[in-house]
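Participant: Got a structure for you, final-v4.cif, holding mmCIF, C-alpha atoms.
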data_my_file
#
loop_
_atom_site.label_atom_id
_atom_site.label_comp_id
_atom_site.auth_asym_id
_atom_site.auth_seq_id
_atom_site.Cartn_x
_atom_site.Cartn_y
_atom_site.Cartn_z
CA MET A 29 -47.22 6.77 -0.51
CA LYS A 30 -44.39 4.94 1.21
CA LEU A 31 -45.06 1.85 -0.91
CA ARG A 32 -44.88 3.90 -4.12
CA HIS A 33 -41.67 5.54 -2.92
CA GLY A 34 -40.19 2.10 -2.21
CA LEU A 35 -41.15 0.83 -5.65
CA ILE A 36 -39.48 3.84 -7.24
CA ARG A 37 -36.30 3.38 -5.27
CA ARG A 38 -36.07 -0.38 -5.83
CA PRO A 39 -35.09 -0.27 -9.56
CA TRP A 40 -32.42 2.33 -8.89
CA ARG A 41 -31.09 0.29 -5.96
CA LEU A 42 -31.10 -2.87 -8.07
CA ALA A 43 -29.23 -1.08 -10.87
CA ALA A 44 -26.65 0.26 -8.40
CA GLU A 45 -26.10 -3.16 -6.84
CA THR A 46 -25.81 -4.79 -10.27
CA SER A 47 -23.29 -2.19 -11.40
CA ALA A 48 -21.26 -2.64 -8.21
CA LEU A 49 -21.28 -6.42 -8.73
CA LEU A 50 -20.10 -6.07 -12.34
CA VAL A 51 -17.29 -3.74 -11.30
CA ALA A 52 -16.25 -6.18 -8.55
CA VAL A 53 -16.16 -9.04 -11.06
CA VAL A 54 -14.06 -7.04 -13.52
CA VAL A 55 -11.63 -6.02 -10.78
CA ALA A 56 -11.40 -9.51 -9.26
CA PHE A 57 -11.07 -11.43 -12.54
CA PRO A 58 -7.31 -10.74 -13.06
CA LEU A 59 -6.68 -11.91 -9.49
CA TYR A 60 -8.71 -15.06 -10.14
CA TRP A 61 -6.85 -15.74 -13.39
CA MET A 62 -3.49 -15.27 -11.66
CA VAL A 63 -4.35 -17.79 -8.93
CA LEU A 64 -5.85 -20.19 -11.47
CA SER A 65 -2.73 -20.02 -13.67
CA ALA A 66 -0.57 -20.72 -10.62
CA PHE A 67 -2.38 -24.05 -10.14
CA LYS A 68 -2.51 -24.98 -13.82
CA PRO A 69 0.03 -27.46 -15.23
CA ALA A 70 2.41 -26.10 -17.84
CA GLY A 71 0.48 -27.65 -20.72
CA GLU A 72 -2.74 -25.81 -19.86
CA ILE A 73 -1.01 -22.46 -19.34
CA GLU A 74 0.60 -22.60 -22.76
CA SER A 75 -2.52 -23.92 -24.46
CA THR A 76 -3.99 -21.87 -27.31
CA ASP A 77 -7.46 -22.64 -25.96
CA PRO A 78 -7.47 -21.09 -22.46
CA ARG A 79 -10.22 -22.16 -20.08
CA PRO A 80 -11.37 -20.40 -16.88
CA TRP A 81 -10.87 -23.60 -14.90
CA THR A 82 -8.48 -26.51 -14.60
CA SER A 83 -9.26 -30.20 -14.41
CA ASP A 84 -5.79 -31.12 -13.18
CA PRO A 85 -4.61 -28.66 -10.48
CA SER A 86 -0.93 -28.86 -9.63
CA LEU A 87 1.39 -27.39 -7.00
CA ASP A 88 4.49 -27.70 -9.19
CA ALA A 89 4.69 -23.96 -9.79
CA PHE A 90 4.60 -23.21 -6.05
CA ARG A 91 7.21 -25.90 -5.49
CA ARG A 92 9.53 -24.21 -7.97
CA VAL A 93 8.97 -20.88 -6.25
CA PHE A 94 9.83 -22.12 -2.78
CA GLU A 95 12.79 -24.09 -4.06
CA GLN A 96 14.44 -20.86 -5.10
CA GLN A 97 17.24 -20.37 -2.57
CA GLU A 98 16.83 -16.59 -2.30
CA PHE A 99 13.03 -16.47 -2.21
CA ALA A 100 12.79 -16.52 1.60
CA ARG A 101 15.44 -13.79 1.76
CA TYR A 102 13.53 -11.66 -0.75
CA PHE A 103 10.35 -12.12 1.28
CA LEU A 104 12.07 -11.04 4.49
CA ASN A 105 13.56 -7.99 2.77
CA SER A 106 10.12 -6.97 1.51
CA VAL A 107 8.68 -7.31 5.01
CA ILE A 108 11.50 -5.18 6.46
CA VAL A 109 11.15 -2.45 3.81
CA ALA A 110 7.34 -2.28 3.87
CA GLY A 111 7.13 -2.53 7.66
CA THR A 112 9.72 0.19 8.22
CA VAL A 113 8.06 2.51 5.71
CA VAL A 114 4.61 2.00 7.23
CA ILE A 115 5.69 2.57 10.84
CA ALA A 116 8.07 5.46 10.13
CA SER A 117 5.70 7.27 7.76
CA ALA A 118 2.78 6.91 10.18
CA LEU A 119 4.69 8.36 13.13
CA ILE A 120 6.35 11.17 11.17
CA ALA A 121 3.14 12.06 9.34
CA PHE A 122 1.19 12.15 12.62
CA LEU A 123 3.66 14.55 14.23
CA ALA A 124 3.94 16.70 11.10
CA ALA A 125 0.17 16.85 10.58
CA THR A 126 -0.27 17.90 14.21
CA ALA A 127 2.37 20.62 13.80
CA VAL A 128 0.90 22.15 10.64
CA THR A 129 -2.63 22.01 12.07
CA ARG A 130 -2.20 23.11 15.68
CA PHE A 131 0.65 25.60 15.35
CA ARG A 132 0.95 28.84 13.41
CA PHE A 133 4.36 29.49 11.93
CA ARG A 134 5.93 31.19 8.96
CA PHE A 135 5.59 29.49 5.54
CA ARG A 136 3.02 27.03 6.90
CA THR A 137 0.75 27.49 3.88
CA THR A 138 3.72 27.25 1.53
CA LEU A 139 4.72 23.98 3.16
CA LEU A 140 1.23 22.53 2.68
CA ILE A 141 1.24 23.54 -0.99
CA MET A 142 4.62 21.85 -1.40
CA PHE A 143 3.08 18.64 -0.07
CA LEU A 144 0.56 18.75 -2.92
CA VAL A 145 3.15 19.66 -5.54
CA ALA A 146 5.29 16.71 -4.44
CA GLN A 147 2.44 14.37 -5.40
CA MET A 148 2.43 15.71 -8.96
CA VAL A 149 6.02 14.74 -9.76
CA PRO A 150 6.25 11.32 -11.49
CA VAL A 151 8.39 8.79 -9.66
CA GLU A 152 10.09 7.83 -12.93
CA ALA A 153 11.35 11.39 -13.41
CA LEU A 154 13.18 11.26 -10.07
CA THR A 155 14.67 7.79 -10.34
CA ILE A 156 17.96 8.89 -11.92
CA PRO A 157 18.53 11.83 -9.48
CA LEU A 158 17.70 9.48 -6.60
CA PHE A 159 20.18 6.95 -7.94
CA PHE A 160 23.02 9.48 -7.81
CA LEU A 161 21.87 10.64 -4.38
CA MET A 162 21.90 7.08 -3.01
CA ARG A 163 25.29 6.52 -4.58
CA ASP A 164 26.73 9.66 -2.98
CA VAL A 165 25.43 8.76 0.49
CA GLY A 166 26.63 5.16 0.14
CA GLN A 167 23.19 3.51 0.23
CA LEU A 168 23.25 1.61 -3.05
CA ASN A 169 22.77 -2.15 -2.67
CA THR A 170 21.20 -1.67 0.76
CA LEU A 171 17.63 -1.78 2.02
CA GLY A 172 18.04 1.87 2.98
CA ALA A 173 18.02 2.75 -0.73
CA LEU A 174 14.47 1.35 -0.86
CA ILE A 175 13.20 2.60 2.50
CA LEU A 176 14.24 6.25 2.19
CA PRO A 177 12.64 7.00 -1.22
CA HIS A 178 9.38 5.27 -0.31
CA LEU A 179 9.31 7.14 2.97
CA ALA A 180 9.84 10.44 1.15
CA PHE A 181 7.10 9.73 -1.41
CA SER A 182 4.52 8.49 1.11
CA LEU A 183 4.90 11.33 3.63
CA PRO A 184 3.29 14.20 1.63
CA PHE A 185 0.10 12.24 1.01
CA ALA A 186 0.00 10.97 4.59
CA ILE A 187 0.54 14.42 6.11
CA TRP A 188 -2.08 16.05 3.92
CA MET A 189 -4.65 13.35 4.71
CA LEU A 190 -3.96 13.28 8.45
CA ARG A 191 -4.23 17.05 8.59
CA GLY A 192 -7.99 16.73 8.14
CA PHE A 193 -8.25 14.21 10.97
CA VAL A 194 -6.24 16.35 13.38
CA LYS A 195 -8.24 19.44 12.43
CA ALA A 196 -11.50 17.58 13.12
CA VAL A 197 -10.52 17.06 16.77
CA PRO A 198 -11.97 20.05 18.68
CA GLU A 199 -9.47 22.40 20.27
CA ALA A 200 -11.78 22.46 23.30
CA LEU A 201 -10.80 18.85 23.92
CA GLU A 202 -7.15 19.83 23.99
CA GLU A 203 -7.85 22.74 26.34
CA ALA A 204 -9.85 20.49 28.65
CA ALA A 205 -6.97 18.01 28.77
CA TYR A 206 -4.52 20.76 29.74
CA ILE A 207 -6.89 22.00 32.45
CA ASP A 208 -7.04 18.47 33.86
CA GLY A 209 -3.25 18.49 34.13
CA ALA A 210 -2.28 16.57 31.00
CA SER A 211 1.01 17.51 29.39
CA ARG A 212 1.33 18.15 25.67
CA GLY A 213 2.98 14.79 25.16
CA ARG A 214 0.26 12.96 27.07
CA PHE A 215 -2.48 14.68 25.06
CA LEU A 216 -0.63 13.89 21.86
CA TRP A 217 -0.22 10.14 22.41
CA GLN A 218 -3.09 9.21 24.75
CA ILE A 219 -5.89 11.39 23.36
CA LEU A 220 -5.10 12.72 19.89
CA PHE A 221 -3.35 9.62 18.56
CA PRO A 222 -6.30 7.20 19.19
CA LEU A 223 -8.72 9.69 17.60
CA VAL A 224 -6.75 9.97 14.34
CA PHE A 225 -5.76 6.31 14.26
CA PRO A 226 -8.29 5.45 11.50
CA GLY A 227 -6.58 8.03 9.30
CA LEU A 228 -3.21 6.50 10.11
CA VAL A 229 -4.51 3.12 8.98
CA ALA A 230 -5.75 4.56 5.68
CA THR A 231 -2.42 6.19 4.92
CA SER A 232 -0.55 3.07 6.03
CA VAL A 233 -2.36 1.02 3.39
CA PHE A 234 -1.08 3.38 0.70
CA SER A 235 2.45 3.23 2.09
CA PHE A 236 2.39 -0.56 2.43
CA ILE A 237 1.19 -1.25 -1.11
CA SER A 238 3.63 1.22 -2.62
CA ALA A 239 6.62 -0.28 -0.80
CA TRP A 240 5.56 -3.93 -1.12
CA ASN A 241 4.93 -3.85 -4.88
CA ASP A 242 7.88 -1.64 -5.79
CA PHE A 243 9.92 -2.85 -8.74
CA LEU A 244 11.40 0.37 -10.12
CA PHE A 245 13.52 1.31 -7.10
CA ALA A 246 14.47 -2.30 -6.38
CA LYS A 247 15.69 -2.73 -9.94
CA SER A 248 17.50 0.65 -10.02
CA PHE A 249 19.16 0.77 -6.60
CA ILE A 250 19.99 -2.89 -5.94
CA ILE A 251 22.60 -3.56 -8.60
CA SER A 252 25.12 -6.17 -7.51
CA ASP A 253 24.11 -7.45 -4.05
CA THR A 254 21.10 -9.64 -4.81
CA SER A 255 20.78 -10.57 -1.13
CA GLN A 256 19.24 -7.11 -0.64
CA SER A 257 16.58 -7.60 -3.32
CA THR A 258 12.85 -7.74 -2.60
CA LEU A 259 10.03 -9.98 -3.80
CA PRO A 260 9.25 -8.19 -7.09
CA MET A 261 12.82 -8.96 -8.15
CA ALA A 262 12.14 -12.66 -7.53
CA LEU A 263 9.82 -12.63 -10.53
CA LEU A 264 12.78 -12.04 -12.83
CA VAL A 265 14.09 -15.50 -11.96
CA PHE A 266 11.20 -17.05 -13.89
CA PHE A 267 11.52 -14.79 -16.94
CA LYS A 268 13.83 -16.87 -19.09
CA VAL A 269 14.81 -15.56 -22.51
CA ASP A 270 13.88 -18.69 -24.46
CA GLU A 271 11.01 -20.07 -22.38
CA PRO A 272 9.42 -17.98 -19.60
CA ASP A 273 8.07 -19.97 -16.69
CA TRP A 274 4.60 -18.43 -16.56
CA GLY A 275 3.46 -20.87 -13.93
CA GLY A 276 6.31 -19.77 -11.67
CA VAL A 277 5.51 -16.11 -12.34
CA MET A 278 1.86 -16.60 -11.42
CA ALA A 279 2.72 -18.64 -8.33
CA ALA A 280 5.24 -16.06 -7.13
CA SER A 281 2.73 -13.28 -7.79
CA THR A 282 0.13 -15.17 -5.78
CA VAL A 283 2.51 -15.54 -2.86
CA MET A 284 3.27 -11.81 -3.09
CA THR A 285 -0.45 -10.98 -2.98
CA ILE A 286 -1.20 -12.98 0.17
CA PRO A 287 0.46 -10.53 2.64
CA VAL A 288 -1.42 -7.64 1.00
CA LEU A 289 -4.74 -9.45 1.45
CA VAL A 290 -3.89 -10.32 5.05
CA PHE A 291 -2.98 -6.69 5.73
CA PHE A 292 -6.31 -5.53 4.27
CA VAL A 293 -8.26 -8.03 6.37
CA LEU A 294 -6.52 -6.90 9.55
CA VAL A 295 -7.15 -3.19 8.96
CA GLN A 296 -10.48 -3.43 7.14
CA ARG A 297 -12.68 -1.86 9.81
CA ARG A 298 -10.22 0.91 10.57
CA LEU A 299 -9.70 1.51 6.87
CA VAL A 300 -13.41 2.08 6.19
CA SER A 301 -13.73 4.62 8.99
CA GLY A 302 -10.44 6.20 7.96
CA LEU A 303 -11.47 6.73 4.36
CA GLY A 304 -14.79 8.09 5.58
CA GLY A 305 -13.02 10.61 7.77
CA ALA A 306 -14.74 9.43 10.92
CA VAL A 307 -13.42 11.09 14.07
CA LYS A 308 -15.36 10.80 17.30
CA ASP A 309 -15.91 13.92 19.30
#
Once more with this new file: its structure as structure tokens, please.
Facilitator:
Amino acid sequence: MKLRHGLIRRPWRLAAETSALLVAVVVAFPLYWMVLSAFKPAGEIESTDPRPWTSDPSLDAFRRVFEQQEFARYFLNSVIVAGTVVIASALIAFLAATAVTRFRFRFRTTLLIMFLVAQMVPVEALTIPLFFLMRDVGQLNTLGALILPHLAFSLPFAIWMLRGFVKAVPEALEEAAYIDGASRGRFLWQILFPLVFPGLVATSVFSFISAWNDFLFAKSFIISDTSQSTLPMALLVFFKVDEPDWGGVMAASTVMTIPVLVFFVLVQRRLVSGLGGAVKD
């Protein structure tokens, strides 16, 4: 009976694994083509007969990228913006999620609904109002004009997601900590924070990718001071009107992707448990 059951399950398992492999190939192919194009010489990139390999790999495109005087500055600006957004959104979202979960106050439900509604508003629809807001507060042409909007857009999602993690922690654990003499602050940072940390990692990935890959805000809010630009703006250097440098674009895009991959590798285990909603009792 067990053998028959295994034979029945095997085709379905094989079909599922094959489908997952096909999806992975489709998703990974653009990334492969980007890296391949970065190593191709100009003649092969512009060829009318593209091939999924290169017989003459070259580092000329990467050399042109790193020879750009402002590239290192753009990279540092991206690190500052993304890092600030990730850390600030994680801390604020953790405190806010704890407040809306553990405390009862007026308009609590309304506040939670507003968090969901905020996710439904397209970013493009708010770009112009945000531009005038940043102009009025004197933040145009500064990294603050990039940090504040990303922080505002990432917080609703982070708070709503972390709310489930905080709610999953038994209140009996909190009561036991208070009986043992722990203060509210000690329970918050030494007990509750480690338990919801997987959720913080999951929300941080969203915040990091959104801030790192942002082009709309960088193009709209950084107008004249190019020293405050971020990496996506560096791609514009290679878009020439007469003859775009596609090799430089692909090489710069590859360099931009590396920190994202490194970030994923570092938080991979925590990310899996965070997306699964795992909280130890």
Participant: Could you please determine the separation between atom CA of A:Ala279 and atom CA of A:Ala89 in Å, to one decimal place?
Facilitator: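 Interatomic distance, atom CA of A:Ala279 to atom CA of A:Ala89: 5.9 Å.
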Participant: Between stretch 235-307 of chain A and stretch 163-178 of chain A, at 9 Å or less, what are the per-residue closest atom pairs and their distances in Å? Count only C-alpha atoms, order by chain and rising residue number, and return it as CSV.
Facilitator:
residue,atom,partner,partner_atom,distance
A:Ser235,CA,A:His178,CA,7.6
A:Ser238,CA,A:His178,CA,7.4
A:Ala239,CA,A:His178,CA,6.2
A:Asp242,CA,A:Leu174,CA,8.8
A:Phe245,CA,A:Leu174,CA,6.3
A:Ala246,CA,A:Leu174,CA,6.6
A:Phe249,CA,A:Leu168,CA,5.5
A:Ile250,CA,A:Asn169,CA,4.4
A:Ile251,CA,A:Asn169,CA,6.1
A:Ser252,CA,A:Asn169,CA,6.7
A:Asp253,CA,A:Asn169,CA,5.6
A:Thr254,CA,A:Asn169,CA,8.0
A:Ser255,CA,A:Asn169,CA,8.8
A:Gln256,CA,A:Thr170,CA,5.9
A:Ser257,CA,A:Leu171,CA,8.0
A:Thr258,CA,A:Leu171,CA,8.9
Participant: Please enumerate the residues selected by the PyMOL selection byres ((chain A and resi 193-198) around 12) when evaluated against the supplied file, formatted as number ranges by chain.
Facilitator: A: 121-131, 186-192, 199-205, 215-216, 219-231, 301-309
Participant: Find the residue from A:Pro184, A:Gly276, A:Pro150, A:Met162 that sits nearest to A:Ala70; use all atoms listed in the file when measuring.
Facilitator: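 Closest to A:Ala70, using all atoms listed in the file: A:Gly276.
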Participant: Could you jot down the atom CA of A:Phe291 to atom CA of A:Val233 separation for me, Å, one decimal place?
Facilitator: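 These atoms are spaced 8.1 Å apart.
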Participant: Here's the selection I'm unsure about, the PyMOL selection byres ((chain A and resi 265) around 12); applied to the file above, which residues does it give, as a ChimeraX atom specification?
Facilitator: /A:92-93,95-99,102,254,257,259-264,266-269,271-274,276-277,280
Participant: Selected residues, C-alpha atoms, written as a PDB file, in the frame of the given file, please.
Facilitator:
ATOM      1  CA  ARG A  92       9.530 -24.210  -7.970  1.00  0.00           C
ATOM      2  CA  VAL A  93       8.970 -20.880  -6.250  1.00  0.00           C
ATOM      3  CA  GLU A  95      12.790 -24.090  -4.060  1.00  0.00           C
ATOM      4  CA  GLN A  96      14.440 -20.860  -5.100  1.00  0.00           C
ATOM      5  CA  GLN A  97      17.240 -20.370  -2.570  1.00  0.00           C
ATOM      6  CA  GLU A  98      16.830 -16.590  -2.300  1.00  0.00           C
ATOM      7  CA  PHE A  99      13.030 -16.470  -2.210  1.00  0.00           C
ATOM      8  CA  TYR A 102      13.530 -11.660  -0.750  1.00  0.00           C
ATOM      9  CA  THR A 254      21.100  -9.640  -4.810  1.00  0.00           C
ATOM     10  CA  SER A 257      16.580  -7.600  -3.320  1.00  0.00           C
ATOM     11  CA  LEU A 259      10.030  -9.980  -3.800  1.00  0.00           C
ATOM     12  CA  PRO A 260       9.250  -8.190  -7.090  1.00  0.00           C
ATOM     13  CA  MET A 261      12.820  -8.960  -8.150  1.00  0.00           C
ATOM     14  CA  ALA A 262      12.140 -12.660  -7.530  1.00  0.00           C
ATOM     15  CA  LEU A 263       9.820 -12.630 -10.530  1.00  0.00           C
ATOM     16  CA  LEU A 264      12.780 -12.040 -12.830  1.00  0.00           C
ATOM     17  CA  PHE A 266      11.200 -17.050 -13.890  1.00  0.00           C
ATOM     18  CA  PHE A 267      11.520 -14.790 -16.940  1.00  0.00           C
ATOM     19  CA  LYS A 268      13.830 -16.870 -19.090  1.00  0.00           C
ATOM     20  CA  VAL A 269      14.810 -15.560 -22.510  1.00  0.00           C
ATOM     21  CA  GLU A 271      11.010 -20.070 -22.380  1.00  0.00           C
ATOM     22  CA  PRO A 272       9.420 -17.980 -19.600  1.00  0.00           C
ATOM     23  CA  ASP A 273       8.070 -19.970 -16.690  1.00  0.00           C
ATOM     24  CA  TRP A 274       4.600 -18.430 -16.560  1.00  0.00           C
ATOM     25  CA  GLY A 276       6.310 -19.770 -11.670  1.00  0.00           C
ATOM     26  CA  VAL A 277       5.510 -16.110 -12.340  1.00  0.00           C
ATOM     27  CA  ALA A 280       5.240 -16.060  -7.130  1.00  0.00           C
TER      28      ALA A 280
END
